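input_11.cif follows; it contains mmCIF, C-alpha atoms.
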```
data_final
loop_
_atom_site.label_atom_id
_atom_site.label_comp_id
_atom_site.auth_asym_id
_atom_site.auth_seq_id
_atom_site.Cartn_x
_atom_site.Cartn_y
_atom_site.Cartn_z
CA MET Q 1 155.39 104.95 86.78
CA TRP Q 2 157.26 107.67 84.88
CA LYS Q 3 160.02 105.21 84.09
CA LYS Q 4 157.51 102.86 82.44
CA VAL Q 5 155.98 105.72 80.47
CA LEU Q 6 159.44 106.81 79.29
CA VAL Q 7 160.32 103.26 78.20
CA PHE Q 8 157.03 103.00 76.30
CA LEU Q 9 157.67 106.34 74.57
CA LEU Q 10 161.17 105.20 73.59
CA LYS Q 11 159.64 102.04 72.13
CA LEU Q 12 157.21 104.16 70.13
CA VAL Q 13 160.06 106.29 68.76
CA LEU Q 14 162.07 103.20 67.76
CA THR Q 15 158.97 101.58 66.24
CA GLY Q 16 158.26 104.67 64.15
CA SER Q 17 161.89 105.00 63.11
CA CYS Q 18 162.13 101.37 61.96
CA LEU Q 19 158.84 101.62 60.07
CA ALA Q 20 160.02 104.80 58.38
CA TRP Q 21 163.31 103.08 57.49
CA ALA Q 22 161.47 100.09 56.01
CA LEU Q 23 159.01 102.26 54.08
CA SER Q 24 161.80 104.47 52.75
CA GLN Q 25 162.70 101.64 50.35
CA VAL Q 26 159.10 101.31 49.14
CA ASP Q 27 157.62 103.02 46.11
CA LEU Q 28 154.25 103.78 47.68
CA ARG Q 29 152.67 104.71 44.34
CA ASP Q 30 153.17 101.15 43.10
CA SER Q 31 152.70 99.33 46.41
CA VAL Q 32 149.86 97.12 47.54
CA PHE Q 33 148.79 99.86 49.97
CA PHE Q 34 147.45 102.03 47.12
CA ARG Q 35 146.25 99.45 44.59
CA SER Q 36 142.60 98.50 44.76
CA GLY Q 37 142.04 94.76 44.84
CA ALA Q 38 145.75 94.00 45.28
CA VAL Q 39 145.19 91.90 48.42
CA ASP Q 40 144.04 88.30 48.03
CA TYR Q 41 141.80 87.91 51.06
CA ARG Q 42 141.65 84.15 50.70
CA TRP Q 43 145.29 84.04 51.75
CA MET Q 44 144.55 86.52 54.54
CA VAL Q 45 141.90 84.12 55.87
CA GLY Q 46 144.53 81.39 55.72
CA GLY Q 47 146.86 83.63 57.71
CA VAL Q 48 144.20 84.23 60.36
CA VAL Q 49 143.66 80.46 60.62
CA MET Q 50 147.40 79.85 61.05
CA ALA Q 51 147.58 82.63 63.65
CA GLY Q 52 144.66 81.02 65.50
CA LEU Q 53 146.47 77.67 65.42
CA THR Q 54 149.50 79.46 66.86
CA VAL Q 55 147.38 80.69 69.78
CA MET Q 56 146.01 77.20 70.44
CA LEU Q 57 149.48 75.63 70.39
CA THR Q 58 150.88 78.39 72.62
CA ALA Q 59 148.12 77.71 75.12
CA LEU Q 60 148.76 73.96 74.94
CA ARG Q 61 152.48 74.49 75.59
CA TRP Q 62 151.78 76.63 78.65
CA ARG Q 63 149.22 74.14 79.93
CA LEU Q 64 151.79 71.33 79.76
CA PHE Q 65 154.16 73.33 81.96
CA LEU Q 66 151.30 74.14 84.35
CA LEU Q 67 150.37 70.45 84.55
CA ALA Q 68 153.93 69.66 85.60
CA GLN Q 69 153.37 72.01 88.56
CA GLY Q 70 150.05 70.37 89.43
CA VAL Q 71 147.97 73.30 88.14
CA ASP Q 72 145.35 72.63 85.46
CA PRO Q 73 143.04 75.49 84.47
CA GLY Q 74 141.77 73.46 81.51
CA MET Q 75 142.47 74.01 77.83
CA HIS Q 76 139.60 76.46 77.35
CA ARG Q 77 140.70 78.73 80.19
CA THR Q 78 144.37 78.50 79.24
CA THR Q 79 143.47 79.62 75.71
CA GLU Q 80 141.46 82.56 77.06
CA LEU Q 81 144.38 83.70 79.20
CA THR Q 82 146.76 83.31 76.26
CA LEU Q 83 144.55 85.55 74.12
CA ILE Q 84 144.42 88.18 76.87
CA GLY Q 85 148.20 87.96 77.26
CA ASN Q 86 148.59 88.51 73.51
CA LEU Q 87 146.58 91.72 73.83
CA PHE Q 88 148.97 93.10 76.45
CA ASN Q 89 152.01 91.95 74.49
CA LEU Q 90 150.67 93.77 71.45
CA LEU Q 91 149.85 97.05 73.14
CA SER Q 92 152.49 97.03 75.90
CA ILE Q 93 149.96 98.83 78.09
CA GLY Q 94 151.84 101.01 80.53
CA GLY Q 95 154.96 98.99 79.85
CA ILE Q 96 153.19 95.85 81.15
CA GLY Q 97 153.50 92.64 79.19
CA GLY Q 98 151.17 89.72 78.74
CA ASP Q 99 153.02 87.63 81.33
CA ALA Q 100 151.78 89.85 84.17
CA ALA Q 101 148.20 89.53 82.92
CA ARG Q 102 148.41 85.75 82.61
CA VAL Q 103 150.03 85.33 86.02
CA LEU Q 104 147.62 87.62 87.86
CA LEU Q 105 144.45 86.17 86.33
CA LEU Q 106 145.53 82.59 86.98
CA ILE Q 107 146.71 83.33 90.52
CA ARG Q 108 143.22 84.66 91.23
CA GLU Q 109 141.95 81.14 90.57
CA HIS Q 110 144.87 79.35 92.26
CA PRO Q 111 145.95 81.71 95.08
CA GLN Q 112 148.03 79.04 96.82
CA ARG Q 113 150.17 78.33 93.75
CA LYS Q 114 151.70 81.72 93.01
CA LEU Q 115 155.26 80.53 92.54
CA ALA Q 116 154.18 77.50 90.50
CA VAL Q 117 152.18 79.68 88.10
CA THR Q 118 155.02 82.20 87.79
CA MET Q 119 157.56 79.45 87.15
CA ALA Q 120 155.36 77.88 84.47
CA VAL Q 121 155.27 81.21 82.61
CA MET Q 122 159.05 81.56 82.85
CA VAL Q 123 159.69 78.00 81.63
CA ASP Q 124 157.16 78.58 78.85
CA HIS Q 125 159.44 81.36 77.58
CA LEU Q 126 162.53 79.19 77.95
CA ALA Q 127 160.89 76.45 75.88
CA GLY Q 128 160.19 79.03 73.19
CA MET Q 129 163.84 80.05 73.26
CA VAL Q 130 164.99 76.43 72.94
CA SER Q 131 162.69 75.66 70.01
CA LEU Q 132 163.52 78.93 68.23
CA ALA Q 133 167.24 78.31 68.65
CA GLY Q 134 166.86 74.71 67.48
CA MET Q 135 164.96 75.78 64.39
CA PHE Q 136 167.48 78.53 63.65
CA PHE Q 137 170.44 76.14 63.89
CA ILE Q 138 168.67 73.57 61.69
CA VAL Q 139 167.95 76.24 59.07
CA SER Q 140 171.54 77.49 59.30
CA VAL Q 141 172.85 74.02 58.43
CA ALA Q 142 170.23 73.23 55.77
CA LYS Q 143 170.44 76.65 54.10
CA PHE Q 144 174.11 77.39 54.79
CA ASP Q 145 174.97 78.54 51.25
CA ALA Q 146 171.93 80.81 50.97
CA LEU Q 147 172.50 82.38 54.38
CA ALA Q 148 176.22 82.81 53.68
CA ASN Q 149 175.50 84.88 50.57
CA GLN Q 150 173.72 87.68 52.36
CA SER Q 151 174.17 91.41 52.12
CA HIS Q 152 176.42 93.04 54.69
CA LEU Q 153 173.43 94.03 56.82
CA GLY Q 154 171.84 90.61 56.45
CA LYS Q 155 175.02 88.89 57.65
CA GLY Q 156 175.14 91.20 60.64
CA VAL Q 157 171.57 90.28 61.61
CA ILE Q 158 172.31 86.56 61.29
CA GLN Q 159 175.49 86.86 63.36
CA PHE Q 160 173.56 88.68 66.07
CA ALA Q 161 170.95 85.90 66.04
CA TRP Q 162 173.72 83.31 66.51
CA VAL Q 163 175.06 85.14 69.57
CA TYR Q 164 171.63 85.89 71.03
CA LEU Q 165 170.21 82.37 70.64
CA SER Q 166 173.44 80.68 71.76
CA GLY Q 167 173.38 82.85 74.88
CA GLY Q 168 169.73 81.92 75.43
CA LEU Q 169 170.52 78.21 75.30
CA GLY Q 170 173.37 78.80 77.74
CA LEU Q 171 170.95 80.52 80.13
CA VAL Q 172 168.53 77.58 79.96
CA LEU Q 173 171.35 75.15 80.72
CA LEU Q 174 172.57 77.32 83.61
CA CYS Q 175 169.07 77.40 85.12
CA PHE Q 176 168.84 73.60 85.04
CA LEU Q 177 172.29 73.21 86.57
CA ALA Q 178 171.48 75.66 89.37
CA ALA Q 179 168.28 73.76 90.14
CA CYS Q 180 169.92 70.31 90.31
CA PRO Q 181 169.70 68.87 93.85
CA PRO Q 182 173.50 68.59 94.41
CA VAL Q 183 174.06 72.23 93.47
CA HIS Q 184 170.96 73.27 95.36
CA ARG Q 185 172.12 71.51 98.54
CA ARG Q 186 175.54 73.11 98.21
CA ILE Q 187 173.99 76.59 98.04
CA HIS Q 188 172.04 75.99 101.24
CA ALA Q 189 174.76 74.17 103.19
CA ASN Q 190 175.98 75.26 106.63
CA GLY Q 191 172.62 76.49 107.88
CA ARG Q 192 172.08 79.16 105.24
CA GLU Q 193 168.70 77.80 104.14
CA TRP Q 194 166.58 79.75 106.66
CA LYS Q 195 167.98 83.04 105.37
CA TRP Q 196 167.12 82.31 101.74
CA GLU Q 197 163.66 80.77 101.76
CA LEU Q 198 162.77 82.04 98.31
CA LEU Q 199 166.09 80.84 96.88
CA ARG Q 200 165.22 77.40 98.23
CA ARG Q 201 161.72 77.33 96.76
CA VAL Q 202 162.58 78.63 93.28
CA PRO Q 203 165.09 75.85 92.38
CA GLU Q 204 162.79 73.21 93.85
CA THR Q 205 159.90 74.50 91.75
CA TYR Q 206 162.09 74.68 88.66
CA ASP Q 207 163.49 71.18 89.24
CA VAL Q 208 159.98 69.81 88.71
CA TYR Q 209 160.67 69.98 84.96
CA ARG Q 210 163.70 67.72 85.31
CA ARG Q 211 161.72 65.17 87.30
CA LYS Q 212 158.70 65.40 84.99
CA TRP Q 213 160.76 65.53 81.83
CA PRO Q 214 158.13 63.92 79.55
CA LEU Q 215 155.85 66.94 80.05
CA ALA Q 216 158.78 69.34 79.56
CA LEU Q 217 159.88 67.54 76.40
CA ALA Q 218 156.30 67.55 75.09
CA GLY Q 219 156.16 71.30 75.71
CA VAL Q 220 159.29 71.87 73.63
CA GLY Q 221 157.87 69.64 70.87
CA VAL Q 222 154.62 71.63 70.80
CA SER Q 223 156.71 74.80 70.68
CA PHE Q 224 158.37 73.65 67.44
CA VAL Q 225 154.99 73.07 65.79
CA MET Q 226 153.72 76.40 67.15
CA LEU Q 227 156.63 78.25 65.56
CA LEU Q 228 155.95 76.58 62.20
CA ALA Q 229 152.32 77.75 62.37
CA TYR Q 230 153.40 81.27 63.34
CA PHE Q 231 155.96 81.51 60.53
CA LEU Q 232 153.45 80.19 57.98
CA THR Q 233 151.16 83.04 59.02
CA PHE Q 234 153.67 85.40 57.39
CA TRP Q 235 153.95 83.20 54.31
CA CYS Q 236 150.17 83.51 53.93
CA GLY Q 237 150.60 87.26 54.34
CA LEU Q 238 153.26 87.23 51.63
CA ARG Q 239 151.00 85.37 49.20
CA ALA Q 240 148.10 87.68 50.08
CA VAL Q 241 150.01 90.74 48.84
CA GLY Q 242 151.33 89.14 45.67
CA GLY Q 243 154.61 87.59 46.85
CA THR Q 244 155.78 84.40 45.15
CA ALA Q 245 158.55 83.18 47.47
CA SER Q 246 158.17 79.61 48.69
CA ALA Q 247 157.12 78.63 52.20
CA GLY Q 248 160.61 77.19 52.68
CA THR Q 249 162.19 80.57 52.01
CA VAL Q 250 159.96 82.28 54.57
CA LEU Q 251 160.68 79.51 57.09
CA SER Q 252 164.40 80.09 56.50
CA ALA Q 253 164.13 83.81 57.24
CA MET Q 254 161.63 83.84 60.10
CA PRO Q 255 163.77 82.29 62.88
CA VAL Q 256 166.24 85.16 62.45
CA ILE Q 257 163.48 87.76 62.17
CA ASP Q 258 161.59 86.45 65.19
CA SER Q 259 164.64 86.20 67.43
CA VAL Q 260 165.51 89.86 66.89
CA SER Q 261 161.99 91.32 66.74
CA SER Q 262 161.05 89.55 69.99
CA LEU Q 263 163.47 91.77 71.89
CA PRO Q 264 161.51 94.36 73.93
CA ILE Q 265 162.76 97.33 71.93
CA SER Q 266 159.60 98.19 69.98
CA VAL Q 267 155.84 97.91 70.35
CA GLY Q 268 154.92 94.35 69.44
CA GLY Q 269 158.08 94.05 67.32
CA LEU Q 270 156.48 96.43 64.82
CA GLY Q 271 158.97 98.18 62.56
CA VAL Q 272 161.89 95.95 63.51
CA ARG Q 273 160.16 92.91 62.02
CA GLU Q 274 159.23 94.74 58.81
CA LYS Q 275 162.79 95.94 58.20
CA LEU Q 276 164.29 92.52 58.86
CA PHE Q 277 161.69 90.86 56.63
CA GLU Q 278 162.59 93.28 53.87
CA ILE Q 279 166.34 92.63 54.20
CA LEU Q 280 166.24 88.83 54.42
CA MET Q 281 163.53 88.22 51.82
CA ARG Q 282 165.41 90.44 49.38
CA ASP Q 283 168.62 88.51 49.99
CA LEU Q 284 167.03 85.04 49.91
CA ALA Q 285 164.43 85.43 47.16
CA GLY Q 286 164.85 88.86 45.57
CA THR Q 287 161.46 89.94 46.90
CA PRO Q 288 160.81 93.67 46.24
CA PRO Q 289 160.78 95.86 49.37
CA GLU Q 290 157.15 96.92 48.88
CA ILE Q 291 156.04 93.26 48.84
CA SER Q 292 158.17 92.31 51.86
CA VAL Q 293 156.99 95.19 54.05
CA ALA Q 294 153.36 94.62 53.07
CA ALA Q 295 153.73 90.87 53.73
CA SER Q 296 155.13 91.46 57.21
CA LEU Q 297 152.33 93.88 58.04
CA ALA Q 298 149.77 91.40 56.70
CA GLY Q 299 151.15 88.63 58.93
CA PHE Q 300 151.11 91.01 61.87
CA ALA Q 301 147.47 91.89 61.10
CA CYS Q 302 146.52 88.19 61.18
CA SER Q 303 148.00 87.85 64.68
CA THR Q 304 146.43 91.14 65.76
CA PHE Q 305 142.99 89.73 64.95
CA TRP Q 306 143.36 87.21 67.77
CA ALA Q 307 144.82 89.80 70.15
CA LEU Q 308 141.63 91.83 69.62
CA ILE Q 309 139.59 88.74 70.52
CA GLY Q 310 141.65 88.73 73.73
CA GLY Q 311 140.59 92.35 74.21
CA LEU Q 312 136.93 91.31 74.14
CA LEU Q 313 137.62 88.62 76.74
CA PHE Q 314 139.48 91.15 78.88
CA LEU Q 315 136.33 93.30 79.07
CA ARG Q 316 134.51 90.60 81.00
CA LYS Q 317 134.08 91.25 84.70
CA ARG Q 318 135.96 88.12 85.80
CA ASP Q 319 139.03 89.12 83.81
CA ARG Q 320 138.97 92.86 84.36
CA VAL Q 321 142.05 94.06 86.22
CA THR Q 322 143.60 97.42 86.95
CA VAL Q 323 146.99 98.66 85.82
CA ALA Q 324 148.00 98.93 89.50
CA GLU Q 325 147.31 95.22 90.00
CA LEU Q 326 149.36 94.29 86.95
CA GLU Q 327 152.25 96.51 88.02
CA GLY Q 328 152.18 94.79 91.41
CA VAL Q 329 152.39 91.32 89.88
CA ASP Q 330 155.16 92.53 87.55
CA GLN Q 331 157.23 93.57 90.58
CA ARG Q 332 156.53 90.32 92.46
CA THR Q 333 157.41 88.26 89.39
CA GLU Q 334 160.76 90.00 89.07
CA GLN Q 335 161.49 89.36 92.75
CA GLU Q 336 160.50 85.68 92.60
CA THR Q 337 162.33 84.82 89.39
#
```
Would you give me this structure, written as structure tokens?
Amino acid sequence: MWKKVLVFLLKLVLTGSCLAWALSQVDLRDSVFFRSGAVDYRWMVGGVVMAGLTVMLTALRWRLFLLAQGVDPGMHRTTELTLIGNLFNLLSIGGIGGDAARVLLLIREHPQRKLAVTMAVMVDHLAGMVSLAGMFFIVSVAKFDALANQSHLGKGVIQFAWVYLSGGLGLVLLCFLAACPPVHRRIHANGREWKWELLRRVPETYDVYRRKWPLALAGVGVSFVMLLAYFLTFWCGLRAVGGTASAGTVLSAMPVIDSVSSLPISVGGLGVREKLFEILMRDLAGTPPEISVAASLAGFACSTFWALIGGLLFLRKRDRVTVAELEGVDQRTEQET
């Protein structure tokens, strides 16, 4: 328990430090934060709509991976669980993420399919990694000249994204190779299978996505569209605070920003995302720091709106869980995957 509290406090310190770093480049007296009427709320509504579309597509992606495992909670229920998961991802309650909440609440309804539900959540993340990496590599080729002419810090961020996303794709490939029947049989040869029951079940459950590849491929396709909706949420935020950069420029920067800010080093990526948005938008479009930071916070606010809706759902009796329950499912998830 104390370890989780310490990790959460460290995240808070890093979040505050990154926010302070981002705001240190902002002239607050001339920023959107202190100018009455500076925010165009029509664009903010557009951002909320795009963030809502992101939630729907995220739920659809997860449902496709659940269907491959023979589990179908329905689109309505999958969306509810996604919203609740977003709440936990935002707040990092007790160091517990949204995955634990989604897994526990769905296992309550499908108690015999614990491993299938857990595997669907894991593959859901892997699909996100594949689509994010694919989009990043496409942008890198299409916008090679623009990305090559970055500041020293901007180049460092992009190089890190290359290493991180390439490693992620390698992990996905390794998982599929380990789950292939020939490799699986080799692992459990010579009578070792009875000693490693869980190691037998995990690859078999994962191999479902090779055998039902149309559903897996559809999930990755939905993930691409979901990322576009999510990135356009921040473009709407940029326009809401007076930014003039094109949607294409924001789409060029966001794969890098999202890959780094998704690392569990701050609360909801707050602070890290704002600093990266400031650096890359300045390099790509000459956007002033005060506009970039405000735009990132506006996009974050649009997503937060839907996380708060998840909070209202979480208050219902059927979805109310204790921190102890979520910690338990966190531990079981780590052991099973």
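Taking atom CA of Pro214 of chain Q and atom CA of Gly134 of chain Q as endpoints, the distance between them is 18.4 Å.
Our summary of the geometry notes that atom CA of Pro289 of chain Q is positioned 14.2 Å from atom CA of Val272 of chain Q.
Run against this file, the PyMOL selection byres ((chain Q and resi 124) around 10) gives back Thr58, Ala59, Arg61, Trp62, Arg63, Leu64, Phe65, Leu66, Thr118, Met119, Ala120, Val121, Met122, Val123, His125, Leu126, Ala127, Gly128, Met129, Ala216, Gly219, Val220 and Ser223 of chain Q.
Atom CA of Val293 of chain Q sits 18.6 Å away from atom CA of Phe305 of chain Q.
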Protein and nucleic acid residues near (168.5, 77.5, 69.0) (cut-off 10 Å, all atoms listed in the file) as a compact mmCIF listing (two decimals) with C-alpha atoms, in the frame of the given file:
```
# COMPACT_ATOMS: atom_id res chain seq x y z
CA GLY Q 128 160.19 79.03 73.19
CA MET Q 129 163.84 80.05 73.26
CA VAL Q 130 164.99 76.43 72.94
CA SER Q 131 162.69 75.66 70.01
CA LEU Q 132 163.52 78.93 68.23
CA ALA Q 133 167.24 78.31 68.65
CA GLY Q 134 166.86 74.71 67.48
CA MET Q 135 164.96 75.78 64.39
CA PHE Q 136 167.48 78.53 63.65
CA PHE Q 137 170.44 76.14 63.89
CA ILE Q 138 168.67 73.57 61.69
CA ALA Q 161 170.95 85.90 66.04
CA TRP Q 162 173.72 83.31 66.51
CA TYR Q 164 171.63 85.89 71.03
CA LEU Q 165 170.21 82.37 70.64
CA SER Q 166 173.44 80.68 71.76
CA GLY Q 167 173.38 82.85 74.88
CA GLY Q 168 169.73 81.92 75.43
CA LEU Q 169 170.52 78.21 75.30
CA PRO Q 255 163.77 82.29 62.88
CA SER Q 259 164.64 86.20 67.43
```
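The closest residue to Gly46 of chain Q, picked from Q:Ala245, Q:Leu276, Q:Met281, Q:Ala240 and counting all atoms listed in the file, is Q:Ala240.
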TODO: Name every residue that the PyMOL selection byres ((chain Q and resi 301) around 12) selects in this structure, writing the answer as a PyMOL selection string with chains first and numbers rising.
DONE: chain Q and resi 44-45+47-48+51+90+233-234+236-237+240+268+270+294-300+302-308
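When the PyMOL selection byres ((chain Q and resi 54) around 8) is evaluated against the file, it yields Met50, Ala51, Gly52, Leu53, Val55, Met56, Leu57, Thr58, Met226, Leu227, Ala229 and Tyr230 of chain Q.
For the choices Q:Thr205, Q:Ile84, Q:Ser140, Q:Gly74, the atom-to-atom distance to Val117 of chain Q is smallest for Q:Thr205 when using only C-alpha atoms.
Among the candidate residues Q:Leu83, Q:Leu14, Q:Ala116, Q:Ala38, the one lying nearest to Gln69 of chain Q is Q:Ala116, with distances computed using all atoms listed in the file.
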TODO: Give me the residues within 8 Å of segment 250-253 of chain Q as a ChimeraX atom specification, counting all atoms listed in the file and dropping any in the same chain fewer than 6 places off.
DONE: /Q:136,139,143,228,231-232,234-235,277,280-281,284
Task: Top pick for closest residue to Cys175 of chain Q, considering Q:Ala20, Q:Tyr206, Q:Ala100, Q:Leu153 and counting all atoms listed in the file - done: Q:Tyr206
Box in all listed atoms of segment 272-277 of chain Q, axis-aligned, with 3 Å more on each side; write out centre and edge lengths in Å to one decimal as lines of an AutoDock Vina configuration file.
```
center_x = 161.8
center_y = 93.4
center_z = 60.1
size_x = 11.1
size_y = 11.1
size_z = 12.9
```
